[in-house]
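start02.txt, holding compact mmCIF, C-alpha atoms:
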# COMPACT_ATOMS: atom_id res chain seq x y z
CA MET A 9 100.46 105.91 118.78
CA SER A 10 96.73 106.45 119.14
CA GLU A 11 94.80 104.36 121.64
CA LEU A 12 91.88 102.17 120.70
CA GLN A 13 89.29 104.45 119.12
CA PRO A 14 85.82 103.74 120.52
CA ASP A 15 84.10 104.44 117.22
CA GLU A 16 86.30 102.07 115.18
CA THR A 17 83.87 99.16 115.18
CA GLU A 18 81.00 101.36 114.11
CA LEU A 19 83.16 103.01 111.48
CA VAL A 20 84.17 99.67 110.03
CA ALA A 21 80.57 98.42 110.08
CA ARG A 22 79.46 101.51 108.18
CA ALA A 23 82.30 101.13 105.69
CA CYS A 24 81.33 97.47 105.20
CA ALA A 25 77.80 98.59 104.46
CA GLY A 26 79.17 100.82 101.70
CA ASP A 27 79.12 104.16 103.52
CA GLN A 28 81.56 106.35 101.55
CA SER A 29 81.99 108.89 104.34
CA ALA A 30 83.08 106.13 106.77
CA CYS A 31 85.66 104.96 104.21
CA ALA A 32 86.87 108.53 103.81
CA THR A 33 87.21 108.93 107.59
CA ILE A 34 89.29 105.74 107.83
CA VAL A 35 91.51 106.90 104.97
CA GLN A 36 92.00 110.35 106.45
CA ARG A 37 92.72 108.97 109.91
CA TYR A 38 95.29 106.35 108.90
CA THR A 39 97.00 107.69 105.78
CA GLY A 40 99.80 109.24 107.84
CA VAL A 41 100.41 106.07 109.82
CA LEU A 42 100.56 103.87 106.74
CA TYR A 43 102.62 106.36 104.76
CA ASN A 44 105.25 106.54 107.48
CA GLN A 45 105.44 102.75 107.68
CA ALA A 46 105.79 102.38 103.91
CA TYR A 47 108.34 105.17 103.71
CA ARG A 48 110.47 103.66 106.48
CA MET A 49 110.22 100.19 104.99
CA LEU A 50 110.66 101.04 101.32
CA GLY A 51 112.90 104.10 101.70
CA ASP A 52 111.24 105.93 98.83
CA ALA A 53 108.52 108.58 99.02
CA PHE A 54 106.89 107.78 95.66
CA GLU A 55 106.80 104.08 96.35
CA ALA A 56 105.37 104.82 99.79
CA GLU A 57 102.47 106.79 98.26
CA ASP A 58 101.76 103.93 95.91
CA ALA A 59 101.94 101.48 98.80
CA VAL A 60 99.44 103.41 100.92
CA GLN A 61 96.92 103.41 98.08
CA GLU A 62 97.35 99.70 97.57
CA VAL A 63 97.12 98.94 101.30
CA PHE A 64 93.83 100.82 101.57
CA LEU A 65 92.49 99.04 98.51
CA ARG A 66 93.38 95.68 100.03
CA ALA A 67 91.98 96.70 103.40
CA PHE A 68 88.60 97.77 102.01
CA ARG A 69 88.43 94.66 99.84
CA ASN A 70 88.91 92.51 102.96
CA LEU A 71 87.11 94.66 105.50
CA GLN A 72 84.68 91.81 106.25
CA SER A 73 87.57 89.81 107.70
CA TYR A 74 88.55 92.55 110.17
CA ASP A 75 88.40 91.31 113.75
CA PRO A 76 86.86 94.10 115.89
CA SER A 77 88.72 92.90 118.98
CA ARG A 78 91.93 94.19 117.37
CA ARG A 79 92.80 97.83 116.89
CA LEU A 80 92.11 98.89 113.34
CA VAL A 81 95.54 100.47 113.11
CA THR A 82 97.37 97.21 113.90
CA TRP A 83 95.26 95.41 111.30
CA LEU A 84 96.15 98.06 108.72
CA LEU A 85 99.81 97.90 109.72
CA THR A 86 99.72 94.14 109.18
CA ILE A 87 98.47 94.63 105.63
CA GLY A 88 101.06 97.38 105.13
CA SER A 89 103.85 95.22 106.43
CA ASN A 90 102.95 92.28 104.18
CA TYR A 91 102.65 94.57 101.19
CA CYS A 92 106.04 96.23 101.78
CA ILE A 93 107.76 92.86 102.21
CA ASP A 94 106.23 91.62 98.93
CA ARG A 95 107.26 94.80 97.20
CA LEU A 96 110.85 94.56 98.46
CA ARG A 97 111.01 90.98 97.24
CA ARG A 98 109.92 92.02 93.77
CA ARG A 99 112.23 95.02 93.77
CA ARG A 100 115.30 92.79 93.47
CA PHE A 101 114.28 91.99 89.93
CA ASN A 102 113.67 95.54 88.80
CA TRP A 103 116.07 97.25 86.46
CA LEU A 104 117.71 100.49 87.51
CA THR A 105 116.14 103.56 85.98
CA LEU A 106 117.86 106.84 85.24
CA GLU A 107 115.93 108.34 88.14
CA ASP A 108 117.50 105.81 90.51
CA VAL A 109 120.97 106.79 89.35
CA ALA A 110 120.17 110.50 89.60
CA PHE A 111 119.09 109.91 93.20
CA TRP A 112 122.63 108.82 94.08
CA LEU A 113 124.29 111.81 92.48
CA PRO A 114 125.20 114.58 94.91
CA SER A 115 122.81 117.50 94.71
CA THR A 116 124.33 120.83 93.69
CA GLN A 117 121.42 122.91 94.95
CA PRO A 118 121.70 123.78 98.62
CA GLY A 119 118.35 124.46 100.34
CA PRO A 120 117.73 126.62 103.39
CA GLU A 121 120.46 125.61 105.83
CA ARG A 122 118.50 124.66 108.87
CA SER A 123 115.89 122.49 107.23
CA ALA A 124 118.55 120.99 104.99
CA LEU A 125 120.58 119.98 108.03
CA GLN A 126 117.54 118.47 109.70
CA ARG A 127 116.61 116.64 106.53
CA ALA A 128 120.14 115.37 106.13
CA GLN A 129 120.16 114.10 109.71
CA GLN A 130 116.91 112.24 109.19
CA GLU A 131 118.19 110.81 105.94
CA VAL A 132 121.10 109.37 107.90
CA VAL A 133 118.68 107.37 110.04
CA GLN A 134 116.65 106.43 106.98
CA ARG A 135 119.80 105.13 105.26
CA ALA A 136 120.83 103.22 108.36
CA LEU A 137 117.34 101.75 108.51
CA GLN A 138 117.56 100.62 104.89
CA ARG A 139 120.73 98.69 105.75
CA LEU A 140 118.77 96.41 108.07
CA PRO A 141 117.34 93.19 106.68
CA VAL A 142 113.62 93.60 106.01
CA THR A 143 112.50 91.40 108.89
CA TYR A 144 114.52 93.46 111.36
CA ARG A 145 113.49 96.75 109.75
CA GLY A 146 109.83 95.87 110.23
CA VAL A 147 110.11 95.28 113.97
CA THR A 148 112.28 98.35 114.45
CA VAL A 149 109.82 100.67 112.70
CA LEU A 150 106.86 99.28 114.63
CA ARG A 151 108.69 99.58 117.94
CA TYR A 152 110.38 102.96 117.66
CA TRP A 153 108.15 104.86 115.26
CA TYR A 154 104.82 103.48 116.50
CA ASP A 155 105.64 102.53 120.09
CA LEU A 156 103.85 99.22 119.69
CA SER A 157 104.29 96.69 122.47
CA TYR A 158 106.09 93.41 121.78
CA GLU A 159 102.74 91.66 121.80
CA GLU A 160 101.25 94.06 119.28
CA ILE A 161 104.29 93.76 117.02
CA GLY A 162 103.88 90.00 117.25
CA GLN A 163 100.24 90.36 116.20
CA VAL A 164 101.09 92.61 113.28
CA LEU A 165 103.90 90.44 111.94
CA GLY A 166 102.57 87.06 113.01
CA LEU A 167 105.49 86.35 115.34
CA THR A 168 105.84 85.20 118.93
CA GLU A 169 106.82 87.75 121.54
CA ALA A 170 110.15 85.99 122.06
CA THR A 171 110.96 86.23 118.34
CA VAL A 172 110.04 89.90 118.34
CA LYS A 173 112.41 90.52 121.27
CA THR A 174 115.21 88.61 119.58
CA ARG A 175 114.78 90.42 116.29
CA LEU A 176 114.61 93.77 118.03
CA HIS A 177 117.74 93.04 119.97
CA ARG A 178 119.66 92.17 116.82
CA ALA A 179 118.12 95.08 114.96
CA ARG A 180 119.23 97.48 117.69
CA LYS A 181 122.80 96.25 117.44
CA MET A 182 122.81 96.55 113.66
CA LEU A 183 121.18 99.97 113.73
CA GLN A 184 123.67 101.24 116.29
CA GLU A 185 126.54 99.99 114.13
CA ALA A 186 125.02 101.49 111.01
CA LEU A 187 124.46 104.82 112.75
CA ALA A 188 128.01 104.81 114.10
CA ALA A 189 129.30 104.27 110.55
CA GLU A 190 127.06 107.08 109.27
CA GLU A 191 128.27 109.32 112.06
CA GLU A 192 131.90 108.75 111.00
CA VAL A 193 131.06 109.70 107.42
CA TRP A 194 129.10 112.69 108.72
CA ASN A 195 132.05 113.87 110.83
CA ILE A 196 134.56 113.42 108.01
CA GLU A 197 132.33 115.34 105.59
CA GLY A 198 131.86 118.02 108.27
CA MET A 199 135.61 118.46 108.65
CA MET A 200 136.14 118.60 104.90
CA SER A 201 133.47 121.23 104.26
CA MET B 5 111.26 80.62 116.39
CA GLU B 6 114.72 82.03 115.99
CA TYR B 7 118.00 80.98 117.55
CA ARG B 8 118.68 83.18 120.54
CA GLY B 9 121.80 82.11 122.48
CA ASP B 10 123.58 85.15 123.81
CA ASP B 11 120.83 87.47 122.54
CA GLU B 12 118.73 86.78 125.66
CA LEU B 13 118.36 89.92 127.77
CA SER B 14 116.87 90.51 131.17
CA ASP B 15 114.06 93.07 131.41
CA THR B 16 116.47 95.61 132.91
CA ASP B 17 119.01 95.12 130.12
CA LEU B 18 116.21 95.33 127.59
CA ALA B 19 114.97 98.63 128.98
CA ALA B 20 118.53 100.01 129.03
CA ALA B 21 119.17 98.93 125.44
CA GLU B 22 115.86 100.48 124.35
CA ALA B 23 116.67 103.75 126.08
CA GLU B 24 120.14 103.80 124.54
CA LEU B 25 118.79 103.42 121.02
CA ARG B 26 116.06 105.98 121.61
CA MET B 27 118.73 108.47 122.72
CA LEU B 28 120.83 107.67 119.67
CA LEU B 29 117.83 108.18 117.40
CA ALA B 30 116.98 111.43 119.15
CA ARG B 31 120.46 112.72 118.37
CA TRP B 32 119.57 112.36 114.69
CA GLY B 33 116.15 113.98 115.10
CA GLU B 34 114.24 110.71 114.99
CA PRO B 35 111.82 108.99 115.40
CA GLN B 36 109.54 111.34 113.54
CA MET B 37 106.54 110.46 111.45
CA ALA B 38 107.23 111.13 107.78
CA ALA B 39 104.42 113.38 106.58
CA PRO B 40 102.51 112.20 103.51
CA PRO B 41 101.73 114.63 100.68
CA ALA B 42 98.79 116.83 101.67
CA ASP B 43 96.52 115.52 98.94
CA LEU B 44 97.25 111.82 99.40
CA SER B 45 94.11 111.07 101.47
CA ALA B 46 91.93 112.87 98.95
CA ARG B 47 93.51 110.97 96.06
CA ILE B 48 92.93 107.65 97.80
CA VAL B 49 89.32 108.50 98.63
CA ARG B 50 88.76 109.46 94.98
CA GLN B 51 90.31 106.22 93.83
CA LEU B 52 88.21 104.18 96.25
CA SER B 53 84.98 105.85 95.22
CA THR B 54 85.65 105.08 91.57
CA PRO B 55 84.31 101.58 90.96
CA PRO B 56 86.90 99.27 89.41
CA PRO B 57 86.26 98.29 85.78
CA VAL B 58 84.21 95.13 85.57
CA ARG B 59 86.32 92.30 84.22
CA ARG B 60 84.75 90.85 81.16
CA SER B 61 83.94 87.21 81.77
CA TRP B 62 85.05 86.13 78.32
CA TYR B 63 88.60 87.12 79.24
CA ARG B 64 89.24 83.98 81.28
CA TRP B 65 87.96 81.79 78.44
CA VAL B 66 90.88 82.97 76.33
CA LEU B 67 93.06 80.89 78.65
CA VAL B 68 90.64 78.06 79.33
CA LEU B 69 89.56 77.29 75.77
CA PRO B 70 92.95 76.23 74.31
CA VAL B 71 93.51 73.93 77.29
CA LEU B 72 90.01 72.46 76.91
CA PHE B 73 90.64 72.04 73.19
CA MET B 74 93.87 70.16 73.89
CA LEU B 75 92.21 67.99 76.52
CA ILE B 76 89.30 66.85 74.38
CA GLY B 77 91.74 66.25 71.52
CA GLY B 78 93.82 64.08 73.84
CA TRP B 79 90.70 62.24 74.96
CA GLY B 80 89.71 61.62 71.37
CA LEU B 81 93.14 60.29 70.60
CA LEU B 82 93.58 58.06 73.64
CA VAL B 83 90.01 56.89 74.38
CA ASP B 84 87.41 57.53 71.70
CA SER B 85 86.14 60.43 69.67
CA SER B 86 82.44 60.20 70.43
CA GLY B 87 82.65 59.61 74.24
CA PRO B 88 82.65 63.26 75.39
CA ALA B 89 80.10 64.15 72.71
CA MET B 90 77.77 61.37 73.92
CA LEU B 91 77.94 62.84 77.42
CA LEU B 92 76.32 65.99 76.09
CA GLY B 93 73.53 64.26 74.25
CA ASP B 94 73.16 63.19 70.65
CA PRO B 95 76.46 63.66 68.75
CA GLU B 96 74.42 64.23 65.61
CA THR B 97 72.85 67.45 66.84
CA GLY B 98 73.35 70.44 69.14
CA LEU B 99 76.16 70.65 71.67
CA GLY B 100 77.13 67.00 71.23
CA ARG B 101 77.76 67.66 67.56
CA PHE B 102 79.82 70.73 68.37
CA VAL B 103 82.02 68.81 70.86
CA LEU B 104 82.48 65.97 68.38
CA ALA B 105 83.54 68.49 65.75
CA MET B 106 86.07 70.01 68.16
CA ILE B 107 87.51 66.57 68.95
CA LEU B 108 87.79 65.75 65.29
CA ILE B 109 89.60 69.04 64.68
CA ALA B 110 91.90 68.60 67.68
CA LYS B 111 92.87 65.00 66.92
CA PRO B 112 94.80 65.69 63.72
CA LEU B 113 96.53 68.59 65.42
CA TRP B 114 97.66 66.26 68.19
CA ASN B 115 98.74 63.69 65.62
CA LEU B 116 100.66 66.30 63.68
CA TRP B 117 102.40 67.53 66.80
CA LEU B 118 103.22 64.00 68.00
CA SER B 119 104.61 62.92 64.63
CA ALA B 120 106.59 66.07 63.91
CA ALA B 121 107.54 67.49 67.26
CA TRP B 122 107.40 64.70 69.86
CA TRP B 123 111.02 65.42 70.66
CA LEU B 124 109.96 68.83 71.96
CA LEU B 125 108.13 67.19 74.84
CA PRO B 126 111.19 66.53 77.08
CA GLY B 127 112.42 70.06 76.32
CA LEU B 128 109.05 71.47 77.31
CA LEU B 129 109.05 69.50 80.53
CA ILE B 130 112.59 70.67 81.36
CA LEU B 131 111.58 74.24 80.62
CA LEU B 132 108.56 73.97 82.91
CA GLY B 133 110.72 72.37 85.62
CA VAL B 134 113.36 75.08 85.44
CA GLY B 135 110.67 77.77 85.49
CA TRP B 136 109.07 76.23 88.54
CA LEU B 137 112.46 75.90 90.29
CA TRP B 138 113.29 79.52 89.53
CA TRP B 139 109.94 80.62 90.93
CA ARG B 140 110.48 78.60 94.10
CA LEU B 141 113.90 80.22 94.51
CA ILE B 142 112.34 83.69 94.37
CA ILE B 143 109.64 82.74 96.85
CA ASP B 144 111.93 80.95 99.30
CA THR B 145 114.87 83.35 99.39
CA PRO B 146 115.27 84.53 102.99
CA LEU B 147 114.09 88.06 103.46
CA ALA B 148 117.28 88.89 105.36
CA GLU B 149 119.05 89.00 102.00
CA VAL B 150 116.83 91.76 100.71
CA HIS B 151 118.46 95.12 101.24
Spit out the file's structure as structure tokens when you get a sec.
Amino acid sequence: MSELQPDETELVARACAGDQSACATIVQRYTGVLYNQAYRMLGDAFEAEDAVQEVFLRAFRNLQSYDPSRRLVTWLLTIGSNYCIDRLRRRRFNWLTLEDVAFWLPSTQPGPERSALQRAQQEVVQRALQRLPVTYRGVTVLRYWYDLSYEEIGQVLGLTEATVKTRLHRARKMLQEALAAEEEVWNIEGMMS
Amino acid sequence: MEYRGDDELSDTDLAAAEAELRMLLARWGEPQMAAPPADLSARIVRQLSTPPPVRRSWYRWVLVLPVLFMLIGGWGLLVDSSGPAMLLGDPETGLGRFVLAMILIAKPLWNLWLSAAWWLLPGLLILLGVGWLWWRLIIDTPLAEVH
């Protein structure tokens, strides 16, 4: 996770004043961070792209309310986190599309072996992550993918440090169980193939 | 604040648990940052530099006008027809005349609705109540149930 960037305040001030190049710098610098968060939270690459666009739109709309004493990245992650939670709430009422069903069907096209194996391994973690309740998923992603401190996670999600620790502890247990279950499936499939 | 009970850990236990999960994740090649599509930043910058379409101000009046129409009709029915028109000056001319005309148009519509469809009112209230309840249920459902 990047440390506090000394030029952040100036960058934000320029963006507030309507400087397009400052906006572009912010977008280029934080797209990866926000994309990863959205992808881990939503579990879908297309939705993650959409989410990043929306998060930046919201951020630039509310740039005046940015507190320069905070790191810009934690402020953006807060917006991202709120957006993903809202989106997951709404998702429960969406109908399944044919594309969703096709996603579940086993693929018949094997890719290059090594990258396919790596991708499959990472998908295992992604699936296990999706099994966590959203509130636990959020703290897990911020802790393990962004190395944020408990205090910073608390700032991003609006929680106390104690609550963050509790949620992380439960999330760890659930993730370990989920990964153990995935590992069993992985081993069985490995023996069968 | 959440219930903790046996979830309390000492700093040493916490560090051990963290390390254990990090090792487990490493076995699966994680944590790794998922890379966004190469052109995503450029697309976002393009989108941001395109000014959003200006919302036409008349759009909100589409919603406000029927409500206003109903309200002045109700006023005309329950209080008097010329009251609101008098507030805006002479009801014989200008805006006062226009408001008076609106009240006089709305009053018979109210009367018609009250005489023919008054029994719809409880149904409408129930419908609004159920809608509100449903909305509250969506908003208040614990996030832990979302998978």
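Residue nearest B:Pro40, chosen from A:Ala30, A:Ala21, A:Ala186, A:Ala56 and counting only C-alpha atoms: A:Ala56.
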(message) Contacts from chain A to chain B, 8 Å maximum, all atoms listed in the file: show me the residue list as a PyMOL selection string.
(response) chain A and resi 28+31-32+35-36+39-41+43-44+47+57+61+64-65+96-97+100+126+129-130+132-133+138-143+152-153+168+170-171+174+177-178+180+184
(message) If I take atom CA of A:Leu137 and atom CA of A:Gly166, how far is one from the other in Å, to one decimal?
(response)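 If I compute the distance from atom CA of A:Leu137 to atom CA of A:Gly166, I get 21.3 Å.
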(request) Excluding stretch 76-86 of chain B and any residue of its chain fewer than 2 positions from it, enumerate the residues within 7 Å of it, using only C-alpha atoms, and give them as an MDAnalysis selection string. (result) chainID B and resid 72:74 88:90 104 107 110:111 114
(message) Need to verify the contact set: A:Ile34, 9 Å, only C-alpha atoms, exclusion of same-chain residues closer than 5 positions in sequence. Can you return it as number ranges by chain?
(response) A: 16, 19-20, 23, 29, 39
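Across A:Val149, A:Glu18, A:Cys24, A:Gly51, the tightest approach to A:Ser89 is made by A:Val149 when counting all atoms listed in the file.
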(message) Just to confirm, what's the straight-line distance from atom CA of B:Met27 to atom CA of A:Glu159 in Å (one decimal)?
(response)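 Taking atom CA of B:Met27 as the start and atom CA of A:Glu159 as the end point, the length is 23.2 Å.
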(message) Would you compute the distance between atom CA of A:Thr86 and atom CA of A:Leu165? Give it in Å to one decimal.
(response)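 Taking atom CA of A:Thr86 and atom CA of A:Leu165, their separation equals 6.2 Å.
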(message) Which residues are close to A:Met49, i.e. within 7 Å by all atoms listed in the file, leaving aside same-chain residues fewer than 6 positions away? Reply as a list in words.
(response)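 These residues fall inside the cut-off: Cys92, Arg145 and Gly146 of chain A.
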(request) Check the smallest atom-to-atom distance from each of A:Leu50, A:Val81, A:Val60, A:Ala25 to A:Tyr154 using all atoms listed in the file, then report the winner. (result) A:Val81
(request) Considering all atoms listed in the file, state which residue in the set A:Ala189, A:Ala136, A:Ile93, A:Ile87 is at the smallest distance from A:Gln163. (result)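 For A:Gln163, the nearest of the given residues is A:Ile87.
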(message) Counting only C-alpha atoms, which residue out of A:Thr82, A:Lys181, A:Arg48, A:Asp15 sits closest to A:Ser157?
(response)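 For A:Ser157, the nearest of the given residues is A:Thr82.
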Output as a PDB file, in the frame of the given file: stretch 25-54 of chain B, completed with N, CA and C atoms.
ATOM      1  N   LEU B  25     119.079 103.198 122.443  1.00  0.00           N
ATOM      2  CA  LEU B  25     118.790 103.420 121.020  1.00  0.00           C
ATOM      3  C   LEU B  25     117.887 104.636 120.827  1.00  0.00           C
ATOM      4  N   ARG B  26     116.945 104.820 121.725  1.00  0.00           N
ATOM      5  CA  ARG B  26     116.060 105.980 121.610  1.00  0.00           C
ATOM      6  C   ARG B  26     116.874 107.276 121.697  1.00  0.00           C
ATOM      7  N   MET B  27     117.885 107.281 122.597  1.00  0.00           N
ATOM      8  CA  MET B  27     118.730 108.470 122.720  1.00  0.00           C
ATOM      9  C   MET B  27     119.536 108.694 121.443  1.00  0.00           C
ATOM     10  N   LEU B  28     120.040 107.575 120.905  1.00  0.00           N
ATOM     11  CA  LEU B  28     120.830 107.670 119.670  1.00  0.00           C
ATOM     12  C   LEU B  28     119.966 108.215 118.529  1.00  0.00           C
ATOM     13  N   LEU B  29     118.740 107.700 118.445  1.00  0.00           N
ATOM     14  CA  LEU B  29     117.830 108.180 117.400  1.00  0.00           C
ATOM     15  C   LEU B  29     117.510 109.653 117.598  1.00  0.00           C
ATOM     16  N   ALA B  30     117.319 110.036 118.856  1.00  0.00           N
ATOM     17  CA  ALA B  30     116.980 111.430 119.150  1.00  0.00           C
ATOM     18  C   ALA B  30     118.095 112.369 118.709  1.00  0.00           C
ATOM     19  N   ARG B  31     119.334 111.886 118.806  1.00  0.00           N
ATOM     20  CA  ARG B  31     120.460 112.720 118.370  1.00  0.00           C
ATOM     21  C   ARG B  31     120.374 113.046 116.882  1.00  0.00           C
ATOM     22  N   TRP B  32     119.711 112.146 116.134  1.00  0.00           N
ATOM     23  CA  TRP B  32     119.570 112.360 114.690  1.00  0.00           C
ATOM     24  C   TRP B  32     118.173 112.905 114.345  1.00  0.00           C
ATOM     25  N   GLY B  33     117.473 113.380 115.354  1.00  0.00           N
ATOM     26  CA  GLY B  33     116.150 113.980 115.100  1.00  0.00           C
ATOM     27  C   GLY B  33     115.063 112.970 114.790  1.00  0.00           C
ATOM     28  N   GLU B  34     115.228 111.755 115.233  1.00  0.00           N
ATOM     29  CA  GLU B  34     114.240 110.710 114.990  1.00  0.00           C
ATOM     30  C   GLU B  34     113.841 110.089 116.327  1.00  0.00           C
ATOM     31  N   PRO B  35     112.765 109.323 116.468  1.00  0.00           N
ATOM     32  CA  PRO B  35     111.820 108.990 115.400  1.00  0.00           C
ATOM     33  C   PRO B  35     110.797 110.097 115.166  1.00  0.00           C
ATOM     34  N   GLN B  36     110.575 110.382 113.924  1.00  0.00           N
ATOM     35  CA  GLN B  36     109.540 111.340 113.540  1.00  0.00           C
ATOM     36  C   GLN B  36     108.689 110.704 112.457  1.00  0.00           C
ATOM     37  N   MET B  37     107.417 111.010 112.481  1.00  0.00           N
ATOM     38  CA  MET B  37     106.540 110.460 111.450  1.00  0.00           C
ATOM     39  C   MET B  37     106.765 111.218 110.149  1.00  0.00           C
ATOM     40  N   ALA B  38     107.074 110.491 109.091  1.00  0.00           N
ATOM     41  CA  ALA B  38     107.230 111.130 107.780  1.00  0.00           C
ATOM     42  C   ALA B  38     105.837 111.582 107.322  1.00  0.00           C
ATOM     43  N   ALA B  39     105.737 112.851 106.955  1.00  0.00           N
ATOM     44  CA  ALA B  39     104.420 113.380 106.580  1.00  0.00           C
ATOM     45  C   ALA B  39     104.096 113.029 105.128  1.00  0.00           C
ATOM     46  N   PRO B  40     102.903 112.503 104.902  1.00  0.00           N
ATOM     47  CA  PRO B  40     102.510 112.200 103.510  1.00  0.00           C
ATOM     48  C   PRO B  40     102.177 113.482 102.761  1.00  0.00           C
ATOM     49  N   PRO B  41     102.164 113.448 101.434  1.00  0.00           N
ATOM     50  CA  PRO B  41     101.730 114.630 100.680  1.00  0.00           C
ATOM     51  C   PRO B  41     100.317 115.025 101.121  1.00  0.00           C
ATOM     52  N   ALA B  42     100.060 116.327 101.123  1.00  0.00           N
ATOM     53  CA  ALA B  42      98.790 116.830 101.670  1.00  0.00           C
ATOM     54  C   ALA B  42      97.569 116.246 100.977  1.00  0.00           C
ATOM     55  N   ASP B  43      97.716 115.962  99.678  1.00  0.00           N
ATOM     56  CA  ASP B  43      96.520 115.520  98.940  1.00  0.00           C
ATOM     57  C   ASP B  43      96.408 113.993  98.842  1.00  0.00           C
ATOM     58  N   LEU B  44      97.256 113.281  99.556  1.00  0.00           N
ATOM     59  CA  LEU B  44      97.250 111.820  99.400  1.00  0.00           C
ATOM     60  C   LEU B  44      95.920 111.197  99.833  1.00  0.00           C
ATOM     61  N   SER B  45      95.401 111.620 100.993  1.00  0.00           N
ATOM     62  CA  SER B  45      94.110 111.070 101.470  1.00  0.00           C
ATOM     63  C   SER B  45      93.019 111.300 100.432  1.00  0.00           C
ATOM     64  N   ALA B  46      92.977 112.526  99.923  1.00  0.00           N
ATOM     65  CA  ALA B  46      91.930 112.870  98.950  1.00  0.00           C
ATOM     66  C   ALA B  46      92.050 112.011  97.702  1.00  0.00           C
ATOM     67  N   ARG B  47      93.295 111.806  97.257  1.00  0.00           N
ATOM     68  CA  ARG B  47      93.510 110.970  96.060  1.00  0.00           C
ATOM     69  C   ARG B  47      93.023 109.550  96.290  1.00  0.00           C
ATOM     70  N   ILE B  48      93.336 109.032  97.505  1.00  0.00           N
ATOM     71  CA  ILE B  48      92.930 107.650  97.800  1.00  0.00           C
ATOM     72  C   ILE B  48      91.411 107.539  97.880  1.00  0.00           C
ATOM     73  N   VAL B  49      90.796 108.527  98.531  1.00  0.00           N
ATOM     74  CA  VAL B  49      89.320 108.500  98.630  1.00  0.00           C
ATOM     75  C   VAL B  49      88.706 108.536  97.236  1.00  0.00           C
ATOM     76  N   ARG B  50      89.275 109.387  96.368  1.00  0.00           N
ATOM     77  CA  ARG B  50      88.760 109.460  94.980  1.00  0.00           C
ATOM     78  C   ARG B  50      88.882 108.118  94.292  1.00  0.00           C
ATOM     79  N   GLN B  51      90.068 107.507  94.485  1.00  0.00           N
ATOM     80  CA  GLN B  51      90.310 106.220  93.830  1.00  0.00           C
ATOM     81  C   GLN B  51      89.354 105.147  94.356  1.00  0.00           C
ATOM     82  N   LEU B  52      89.093 105.189  95.653  1.00  0.00           N
ATOM     83  CA  LEU B  52      88.210 104.180  96.250  1.00  0.00           C
ATOM     84  C   LEU B  52      86.755 104.357  95.814  1.00  0.00           C
ATOM     85  N   SER B  53      86.372 105.631  95.591  1.00  0.00           N
ATOM     86  CA  SER B  53      84.980 105.850  95.220  1.00  0.00           C
ATOM     87  C   SER B  53      84.726 105.601  93.742  1.00  0.00           C
ATOM     88  N   THR B  54      85.822 105.439  92.968  1.00  0.00           N
ATOM     89  CA  THR B  54      85.650 105.080  91.570  1.00  0.00           C
ATOM     90  C   THR B  54      85.546 103.567  91.471  1.00  0.00           C
TER      91      THR B  54
END
